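Below is run_5.csv, which holds CSV, C-alpha atoms.
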chain,number,residue,atom,x,y,z
X,738,MET,CA,7.2,-2.5,23.1
X,739,ARG,CA,3.7,-3.6,21.9
X,740,VAL,CA,2.2,-2.2,18.7
X,741,LEU,CA,-1.3,-2.5,17.2
X,742,ALA,CA,-1.2,-2.3,13.4
X,743,LEU,CA,-4.1,-1.7,11.1
X,744,ASP,CA,-4.0,-2.1,7.4
X,745,VAL,CA,-7.2,-0.7,5.8
X,746,GLY,CA,-7.7,-1.7,2.1
X,747,GLY,CA,-10.5,-1.5,-0.4
X,748,THR,CA,-10.9,-5.3,-0.5
X,749,LYS,CA,-9.9,-6.4,3.0
X,750,PHE,CA,-8.5,-5.0,6.2
X,751,THR,CA,-6.1,-6.6,8.7
X,752,VAL,CA,-5.4,-6.0,12.4
X,753,ALA,CA,-2.2,-7.2,13.9
X,754,ALA,CA,-0.4,-7.2,17.2
X,755,PHE,CA,3.4,-7.0,17.6
X,756,SER,CA,5.4,-7.6,20.8
X,757,ASP,CA,9.1,-6.6,20.8
X,758,GLY,CA,9.1,-6.7,17.0
X,759,ARG,CA,7.4,-10.1,16.7
X,760,LEU,CA,4.1,-10.5,15.0
X,761,ILE,CA,2.0,-12.4,17.6
X,762,LEU,CA,-1.6,-11.9,16.5
X,763,ARG,CA,-3.2,-11.3,13.1
X,764,GLU,CA,-6.7,-11.2,11.7
X,765,SER,CA,-8.0,-10.2,8.3
X,766,ARG,CA,-11.6,-9.6,7.2
X,767,SER,CA,-13.3,-8.5,4.0
X,768,THR,CA,-14.0,-4.8,3.7
X,769,ASP,CA,-17.8,-4.1,3.9
X,770,ARG,CA,-17.9,-1.4,1.2
X,771,SER,CA,-21.6,-0.7,1.7
X,772,GLY,CA,-21.1,-0.4,5.5
X,773,GLY,CA,-18.2,2.1,5.1
X,774,PRO,CA,-16.0,3.3,7.9
X,775,LEU,CA,-18.5,2.6,10.7
X,776,ALA,CA,-18.8,-1.0,9.8
X,777,LEU,CA,-15.1,-1.4,9.5
X,778,PHE,CA,-14.3,0.3,12.8
X,779,GLY,CA,-16.9,-1.8,14.5
X,780,GLU,CA,-15.0,-4.9,13.4
X,781,VAL,CA,-11.7,-3.5,14.5
X,782,GLU,CA,-13.2,-2.7,17.9
X,783,ARG,CA,-14.5,-6.2,18.3
X,784,ILE,CA,-11.1,-7.7,17.4
X,785,PHE,CA,-9.2,-5.4,19.7
X,786,VAL,CA,-11.5,-5.9,22.7
X,787,GLU,CA,-11.2,-9.7,22.3
X,788,TRP,CA,-7.4,-9.5,22.2
X,789,ARG,CA,-7.3,-7.1,25.2
X,790,ASP,CA,-9.7,-9.1,27.3
X,791,GLN,CA,-8.7,-12.7,26.4
X,792,ARG,CA,-5.0,-12.3,25.4
X,793,GLY,CA,-4.1,-9.4,27.7
X,794,PHE,CA,-2.8,-7.3,24.7
X,795,ILE,CA,-2.5,-3.6,25.5
X,796,PRO,CA,-0.5,-1.6,23.0
X,797,ASP,CA,2.0,1.1,23.7
X,798,SER,CA,1.4,2.6,20.3
X,799,CYS,CA,-0.7,2.1,17.1
X,800,GLY,CA,0.1,2.5,13.4
X,801,ILE,CA,-2.4,2.7,10.5
X,802,GLY,CA,-1.8,2.2,6.8
X,803,PHE,CA,-4.9,3.6,5.0
X,804,GLY,CA,-5.8,2.7,1.5
X,805,GLY,CA,-6.2,6.2,0.1
X,806,PRO,CA,-4.8,9.7,0.3
X,807,ILE,CA,-4.4,11.2,3.8
X,808,ASP,CA,-3.2,14.5,5.1
X,809,PHE,CA,-0.2,13.5,7.2
X,810,PRO,CA,0.4,16.7,9.2
X,811,SER,CA,-3.3,16.7,10.4
X,812,GLN,CA,-3.5,12.9,10.6
X,813,THR,CA,-6.9,12.9,8.7
X,814,VAL,CA,-8.3,10.7,6.0
X,815,THR,CA,-8.8,12.7,2.8
X,816,LEU,CA,-10.9,10.0,1.0
X,817,SER,CA,-11.0,6.5,-0.3
X,818,THR,CA,-11.6,6.2,-4.0
X,819,HIS,CA,-13.0,2.7,-3.5
X,820,VAL,CA,-15.2,2.9,-0.4
X,821,GLU,CA,-17.7,5.7,0.3
X,822,GLY,CA,-17.9,7.6,3.6
X,823,TRP,CA,-14.3,8.1,4.6
X,824,VAL,CA,-14.0,11.8,3.9
X,825,GLN,CA,-12.7,13.4,7.1
X,826,TYR,CA,-13.7,10.3,9.1
X,827,PRO,CA,-11.9,10.5,12.5
X,828,LEU,CA,-10.1,7.2,12.3
X,829,VAL,CA,-7.0,8.3,14.3
X,830,SER,CA,-9.0,9.8,17.2
X,831,ASN,CA,-11.4,6.8,17.3
X,832,LEU,CA,-8.5,4.3,17.5
X,833,LYS,CA,-6.8,6.5,20.2
X,834,ARG,CA,-10.0,6.5,22.2
X,835,LEU,CA,-10.4,2.7,21.8
X,836,THR,CA,-6.8,1.7,22.7
X,837,ALA,CA,-5.8,4.6,25.0
X,838,ALA,CA,-2.5,4.7,23.1
X,839,PRO,CA,-0.9,7.2,20.7
X,840,VAL,CA,-1.8,6.6,17.0
X,841,ILE,CA,0.0,7.5,13.8
X,842,MET,CA,-1.4,7.1,10.3
X,843,ASP,CA,-0.1,7.3,6.7
X,844,ASN,CA,-1.1,6.2,3.3
X,845,ASP,CA,-0.8,2.4,2.9
X,846,ALA,CA,1.7,2.6,0.1
X,847,ASN,CA,4.0,4.8,2.2
X,848,VAL,CA,3.6,2.4,5.1
X,849,GLY,CA,4.2,-0.6,2.9
X,850,ALA,CA,7.3,1.1,1.5
X,851,LEU,CA,8.6,1.6,5.0
X,852,GLY,CA,7.9,-2.1,5.9
X,853,GLU,CA,9.8,-3.4,2.8
X,854,ALA,CA,12.6,-0.9,3.2
X,855,ILE,CA,13.3,-1.9,6.8
X,856,TYR,CA,12.2,-5.5,7.0
X,857,GLY,CA,11.8,-6.9,3.5
X,858,ALA,CA,12.9,-6.8,-0.1
X,859,GLY,CA,14.1,-3.2,0.1
X,860,LEU,CA,16.9,-3.9,2.6
X,861,GLY,CA,20.1,-2.3,1.4
X,862,ALA,CA,18.4,-0.5,-1.5
X,863,ASP,CA,18.3,3.2,-1.1
X,864,PRO,CA,16.3,5.1,-2.4
X,865,LEU,CA,13.5,2.7,-2.7
X,866,PHE,CA,10.3,3.0,-4.6
X,867,TYR,CA,7.4,0.7,-3.5
X,868,MET,CA,4.2,0.2,-5.4
X,869,THR,CA,1.1,-1.6,-4.2
X,870,LEU,CA,-0.6,-3.4,-7.1
X,871,SER,CA,-3.9,-4.5,-5.7
X,872,THR,CA,-7.5,-3.2,-5.6
X,873,GLY,CA,-5.9,0.1,-6.5
X,874,ILE,CA,-2.4,1.3,-7.2
X,875,GLY,CA,-0.3,3.5,-4.9
X,876,GLY,CA,3.4,4.3,-4.4
X,877,GLY,CA,5.7,5.1,-1.6
X,878,ILE,CA,9.3,6.5,-1.6
X,879,VAL,CA,11.8,5.8,1.2
X,880,HIS,CA,15.2,7.5,1.4
X,881,HIS,CA,17.6,7.1,4.3
X,882,GLY,CA,14.9,5.2,6.2
X,883,GLU,CA,12.4,7.9,6.0
X,884,VAL,CA,9.2,8.3,3.9
X,885,TYR,CA,9.3,11.1,1.4
X,886,ARG,CA,5.8,12.6,1.4
X,887,GLY,CA,6.2,15.8,-0.5
X,888,ALA,CA,5.0,19.3,0.4
X,889,ASP,CA,1.3,18.2,0.9
X,890,SER,CA,1.5,14.5,1.7
X,891,TYR,CA,0.7,13.5,-1.9
X,892,ALA,CA,4.1,12.3,-3.1
X,893,GLY,CA,4.2,8.8,-4.7
X,894,GLU,CA,0.6,8.8,-6.0
X,895,ILE,CA,1.7,7.0,-9.2
X,896,GLY,CA,-1.7,5.4,-9.6
X,897,HIS,CA,-3.1,8.5,-11.1
X,898,LEU,CA,-0.5,9.2,-13.8
X,899,ASN,CA,-2.2,9.3,-17.2
X,900,ILE,CA,-0.6,6.5,-19.1
X,901,GLU,CA,-3.3,6.1,-21.8
X,902,PRO,CA,-4.3,9.5,-23.3
X,903,ASN,CA,-7.6,8.2,-24.7
X,904,GLY,CA,-8.2,5.6,-22.0
X,905,PRO,CA,-11.4,4.9,-20.1
X,906,ASN,CA,-12.7,7.0,-17.2
X,907,CYS,CA,-11.1,6.5,-13.8
X,908,LEU,CA,-12.8,6.8,-10.4
X,909,CYS,CA,-10.6,9.8,-9.7
X,910,GLY,CA,-12.4,11.8,-12.4
X,911,SER,CA,-9.6,11.6,-15.0
X,912,ASN,CA,-9.1,9.0,-17.7
X,913,GLY,CA,-6.5,6.5,-18.7
X,914,CYS,CA,-4.8,6.5,-15.3
X,915,PHE,CA,-2.3,3.9,-14.3
X,916,GLU,CA,-4.7,2.5,-11.7
X,917,ARG,CA,-7.6,2.5,-14.2
X,918,MET,CA,-5.5,0.4,-16.7
X,919,CYS,CA,-3.8,-2.0,-14.3
X,920,CYS,CA,-5.4,-2.4,-10.9
X,921,GLY,CA,-7.4,-5.4,-9.7
X,922,LEU,CA,-10.7,-3.6,-9.4
X,923,TRP,CA,-10.8,-2.6,-13.0
X,924,LEU,CA,-9.2,-5.8,-14.4
X,925,GLU,CA,-12.0,-7.9,-12.9
X,926,ARG,CA,-14.7,-5.4,-14.2
X,927,ASP,CA,-13.2,-5.1,-17.7
X,928,TYR,CA,-12.4,-8.8,-18.3
X,929,GLY,CA,-15.0,-10.5,-16.1
X,930,LYS,CA,-12.5,-12.9,-14.5
X,931,PRO,CA,-10.6,-13.0,-11.2
X,932,VAL,CA,-7.2,-11.5,-11.4
X,933,HIS,CA,-5.4,-14.7,-10.5
X,934,GLU,CA,-7.0,-16.4,-13.5
X,935,LEU,CA,-6.0,-13.5,-15.8
X,936,MET,CA,-2.4,-13.7,-14.6
X,937,GLN,CA,-2.2,-17.3,-15.7
X,938,ASP,CA,-3.0,-16.4,-19.3
X,939,GLU,CA,0.3,-15.7,-21.0
X,940,ALA,CA,-1.2,-13.7,-23.9
X,941,PHE,CA,-3.1,-11.5,-21.5
X,942,VAL,CA,0.0,-10.8,-19.3
X,943,ARG,CA,2.0,-9.8,-22.4
X,944,LYS,CA,-0.5,-7.1,-23.2
X,945,TYR,CA,-1.0,-6.2,-19.5
X,946,VAL,CA,2.7,-5.5,-18.9
X,947,VAL,CA,2.8,-2.9,-21.6
X,948,HIS,CA,0.8,-0.5,-19.5
X,949,LEU,CA,2.4,-1.7,-16.2
X,950,ALA,CA,5.9,-1.0,-17.6
X,951,ARG,CA,4.8,2.4,-18.9
X,952,GLY,CA,3.9,3.5,-15.3
X,953,LEU,CA,7.1,2.1,-13.8
X,954,LYS,CA,9.2,3.8,-16.5
X,955,ALA,CA,7.9,7.1,-15.1
X,956,ALA,CA,9.1,6.1,-11.6
X,957,LEU,CA,12.5,5.1,-12.9
X,958,MET,CA,13.0,8.2,-15.0
X,959,LEU,CA,11.8,10.6,-12.3
X,960,LEU,CA,13.2,9.0,-9.2
X,961,ASN,CA,16.1,6.7,-10.3
X,962,PRO,CA,15.5,4.3,-7.3
X,963,ALA,CA,18.0,1.6,-6.4
X,964,ARG,CA,15.1,-0.8,-6.5
X,965,ILE,CA,11.4,-1.0,-7.2
X,966,VAL,CA,9.4,-3.4,-4.9
X,967,ILE,CA,5.9,-4.3,-6.0
X,968,GLY,CA,3.5,-5.5,-3.3
X,969,GLY,CA,-0.3,-6.2,-3.2
X,970,GLY,CA,-2.3,-9.2,-4.4
X,971,ILE,CA,-1.3,-9.0,-8.1
X,972,SER,CA,2.4,-9.2,-7.2
X,973,LYS,CA,1.9,-12.7,-5.9
X,974,SER,CA,1.7,-13.9,-9.6
X,975,GLY,CA,5.5,-14.3,-9.4
X,976,ASP,CA,7.4,-15.1,-12.5
X,977,HIS,CA,4.2,-15.2,-14.6
X,978,LEU,CA,4.2,-11.5,-14.2
X,979,PHE,CA,7.7,-10.4,-13.3
X,980,ILE,CA,9.6,-12.0,-16.2
X,981,PRO,CA,7.6,-10.4,-19.0
X,982,LEU,CA,7.4,-7.2,-17.0
X,983,ARG,CA,11.2,-6.8,-16.7
X,984,GLU,CA,11.5,-7.6,-20.5
X,985,GLU,CA,8.9,-5.0,-21.4
X,986,LEU,CA,10.4,-2.4,-19.0
X,987,ASN,CA,13.8,-2.9,-20.6
X,988,ARG,CA,12.2,-2.5,-24.1
X,989,GLN,CA,10.5,0.8,-23.1
X,990,MET,CA,13.3,2.5,-21.2
X,991,THR,CA,15.0,5.4,-22.9
X,992,ALA,CA,18.1,4.0,-24.7
X,993,TRP,CA,20.6,6.3,-23.1
X,994,SER,CA,19.4,5.9,-19.5
X,995,ARG,CA,21.6,3.7,-17.3
X,996,ALA,CA,19.0,3.9,-14.5
X,997,ARG,CA,18.7,0.6,-12.6
X,998,ARG,CA,15.8,-1.6,-13.5
X,999,ASP,CA,15.8,-3.8,-10.4
X,1000,VAL,CA,12.1,-4.7,-10.0
X,1001,VAL,CA,11.2,-7.4,-7.4
X,1002,PRO,CA,8.1,-8.7,-5.6
X,1003,ALA,CA,7.5,-7.7,-2.0
X,1004,GLN,CA,9.2,-10.1,0.4
X,1005,LEU,CA,6.7,-9.5,3.2
X,1006,GLN,CA,3.7,-10.0,0.8
X,1007,ASP,CA,0.4,-9.4,2.8
X,1008,ASP,CA,2.4,-8.1,5.8
X,1009,SER,CA,4.3,-5.2,4.2
X,1010,VAL,CA,2.0,-2.6,5.5
X,1011,LEU,CA,1.7,-4.3,8.9
X,1012,PHE,CA,5.5,-4.2,9.4
X,1013,GLY,CA,5.5,-0.6,8.1
X,1014,CYS,CA,3.0,0.2,10.8
X,1015,LEU,CA,5.3,-1.3,13.4
X,1016,SER,CA,8.2,0.9,12.2
X,1017,LEU,CA,6.0,4.0,12.0
X,1018,ALA,CA,4.4,3.5,15.4
X,1019,SER,CA,7.7,2.6,17.1
X,1020,SER,CA,9.5,5.7,15.7
X,1021,ALA,CA,6.6,8.0,16.7
X,1022,LEU,CA,6.6,6.6,20.2
X,1023,LYS,CA,10.3,7.2,20.6
X,1024,GLN,CA,10.0,10.7,19.3
X,1025,ASN,CA,7.2,11.5,21.8
X,1026,LYS,CA,9.4,10.2,24.7
X,1027,SER,CA,12.5,12.2,23.6
Can you dump the structure from the file as structure tokens?
Amino acid sequence: MRVLALDVGGTKFTVAAFSDGRLILRESRSTDRSGGPLALFGEVERIFVEWRDQRGFIPDSCGIGFGGPIDFPSQTVTLSTHVEGWVQYPLVSNLKRLTAAPVIMDNDANVGALGEAIYGAGLGADPLFYMTLSTGIGGGIVHHGEVYRGADSYAGEIGHLNIEPNGPNCLCGSNGCFERMCCGLWLERDYGKPVHELMQDEAFVRKYVVHLARGLKAALMLLNPARIVIGGGISKSGDHLFIPLREELNRQMTAWSRARRDVVPAQLQDDSVLFGCLSLASSALKQNKS
């Protein structure tokens, strides 16, 4: 089985090709925020045509992880809070036309959760909560190998919990959101430094994890997952982040709660969403054939 995977993020996007479960081709490019979806899809088309014509890659199915809320039943993009122009953009139908293969899409955090649950750091941990900590913040819940999406496809949107009542305005229209206080986009704007530099500053990290632990505490208290896996660019900070984060989370957790506090970085790193696309597309193709 051959699968084309597309990971659409606010900072970069990645196209990948799988053959019988193996990642055989992969290409990442920066997201052109001013160009919006038309510019991005144009790049995707160029990459795919090159792979098709020069490598002979023709997919049986395609999976998309999109960096923003989507309506799963209708397979439509709701919006991107970081890039303009995505409202109701026909990404699925355009990719289906391009590849002549069935396409399935989900929010990138849901897809990343699936990837880590089946192929990565979430193996053997059920239920699993996955959080992407990157340009924005999103969450995905996997139980018994299936994504829990809720009644309207919006389960797991942890990035817009209000964790600072008098906090600054968020792009979503609220204020003090988890994403506003902790994501890469706002860290760079607020502190004027790249995130990787900030994560090397021990004093900064000690303050940063107070907000980060506050958001994760909500996930632990509400979901009681067997494990929390954190992916996205900021998770690559390793022990500089995870050691103080675990300490702060233990300090904040309700004293009587015996909920597990197993918090680990994503094993697949930049490929969590891609492997989730593989699982999503493979399952959808099998269901269509049955």
Residue among X:Leu1011, X:Leu953, X:Ala1003, X:Ala892 lying closest to X:Asp744, counting only C-alpha atoms: X:Leu1011
Just the residues within 10 Å of X:Gly1013, please, counting only C-alpha atoms, with nothing from its chain fewer than 6 positions along; format it as a PDB file with C-alpha atoms, keeping the file's coordinate frame.
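Resulting contents of around38.pdb:
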ATOM      1  CA  ALA X 742      -1.200  -2.300  13.400  1.00  0.00           C
ATOM      2  CA  ASP X 744      -4.000  -2.100   7.400  1.00  0.00           C
ATOM      3  CA  GLY X 800       0.100   2.500  13.400  1.00  0.00           C
ATOM      4  CA  ILE X 801      -2.400   2.700  10.500  1.00  0.00           C
ATOM      5  CA  GLY X 802      -1.800   2.200   6.800  1.00  0.00           C
ATOM      6  CA  ASP X 843      -0.100   7.300   6.700  1.00  0.00           C
ATOM      7  CA  ASP X 845      -0.800   2.400   2.900  1.00  0.00           C
ATOM      8  CA  ALA X 846       1.700   2.600   0.100  1.00  0.00           C
ATOM      9  CA  ASN X 847       4.000   4.800   2.200  1.00  0.00           C
ATOM     10  CA  VAL X 848       3.600   2.400   5.100  1.00  0.00           C
ATOM     11  CA  GLY X 849       4.200  -0.600   2.900  1.00  0.00           C
ATOM     12  CA  ALA X 850       7.300   1.100   1.500  1.00  0.00           C
ATOM     13  CA  LEU X 851       8.600   1.600   5.000  1.00  0.00           C
ATOM     14  CA  GLY X 852       7.900  -2.100   5.900  1.00  0.00           C
ATOM     15  CA  GLU X 853       9.800  -3.400   2.800  1.00  0.00           C
ATOM     16  CA  ALA X 854      12.600  -0.900   3.200  1.00  0.00           C
ATOM     17  CA  ILE X 855      13.300  -1.900   6.800  1.00  0.00           C
ATOM     18  CA  TYR X 856      12.200  -5.500   7.000  1.00  0.00           C
ATOM     19  CA  SER X1019       7.700   2.600  17.100  1.00  0.00           C
TER      20      SER X1019
END
Point (-4.8, 6.3, -17.6) neighbourhood (8 Å, all atoms listed in the file) written as a PyMOL selection string: chain X and resi 897-907+911-918
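If all atoms listed in the file are the atoms counted, then among X:Asp938, X:Asp976, X:Glu780, X:Asp797 the closest residue to X:Leu741 is X:Asp797.
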7 Å contact set for X:Gly970, all atoms listed in the file, chain neighbours under 2 positions out, as a ChimeraX atom specification: /X:870-871,968,972-973
Straight-line distance linking atom CA of X:Leu982 with atom CA of X:Cys919, stated in Å to one decimal: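 Atom-to-atom, atom CA of X:Leu982 to atom CA of X:Cys919, that is 12.6 Å.
Rounded to one decimal, atom CA of X:Ala963 and atom CA of X:Met936 lie 26.8 Å from each other.
Take the candidates X:Val942, X:Ser830, X:Phe809, X:Val879 and check each one against X:Gly859 using only C-alpha atoms; the shortest distance goes to X:Val879.
What separates atom CA of X:Thr872 from atom CA of X:Gly896 is a distance of 11.1 Å.
The shortest atom-to-atom distance to X:Leu835, with all atoms listed in the file taken into account, belongs to X:Gly779 out of X:Gly877, X:Gly779, X:Gly804, X:Gly861.
Distances here use all atoms listed in the file; by that measure, the residue among X:Glu883, X:Ile761, X:Phe941, X:Val752 closest to X:Ser1016 is X:Glu883.
Nearest to X:Ala956 of all the residues X:Asp927, X:Glu894, X:Asp863, X:Asp790 is X:Glu894, counting all atoms listed in the file.
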X:Arg997 environment, 9 Å, only C-alpha atoms, sequence neighbours closer than 2 positions dropped, as number ranges by chain: X: 957, 961-964, 994-995, 999-1000
Selection: 6 Å around X:Thr751, all atoms listed in the file, excl. self and same-chain fewer than 4 positions, as a ChimeraX atom specification: /X:743-744,764-765
Neighbour list for X:Leu935 as a compact mmCIF listing (two decimals) with C-alpha atoms, in the coordinates of the input, cut-off 10 Å, all atoms listed in the file, skip fewer than 4 positions in-chain:
# COMPACT_ATOMS: atom_id res chain seq x y z
CA LEU X 924 -9.20 -5.80 -14.40
CA GLU X 925 -12.00 -7.90 -12.90
CA TYR X 928 -12.40 -8.80 -18.30
CA GLY X 929 -15.00 -10.50 -16.10
CA LYS X 930 -12.50 -12.90 -14.50
CA PRO X 931 -10.60 -13.00 -11.20
CA GLU X 939 0.30 -15.70 -21.00
CA ALA X 940 -1.20 -13.70 -23.90
CA PHE X 941 -3.10 -11.50 -21.50
CA VAL X 942 0.00 -10.80 -19.30
CA TYR X 945 -1.00 -6.20 -19.50
CA SER X 974 1.70 -13.90 -9.60
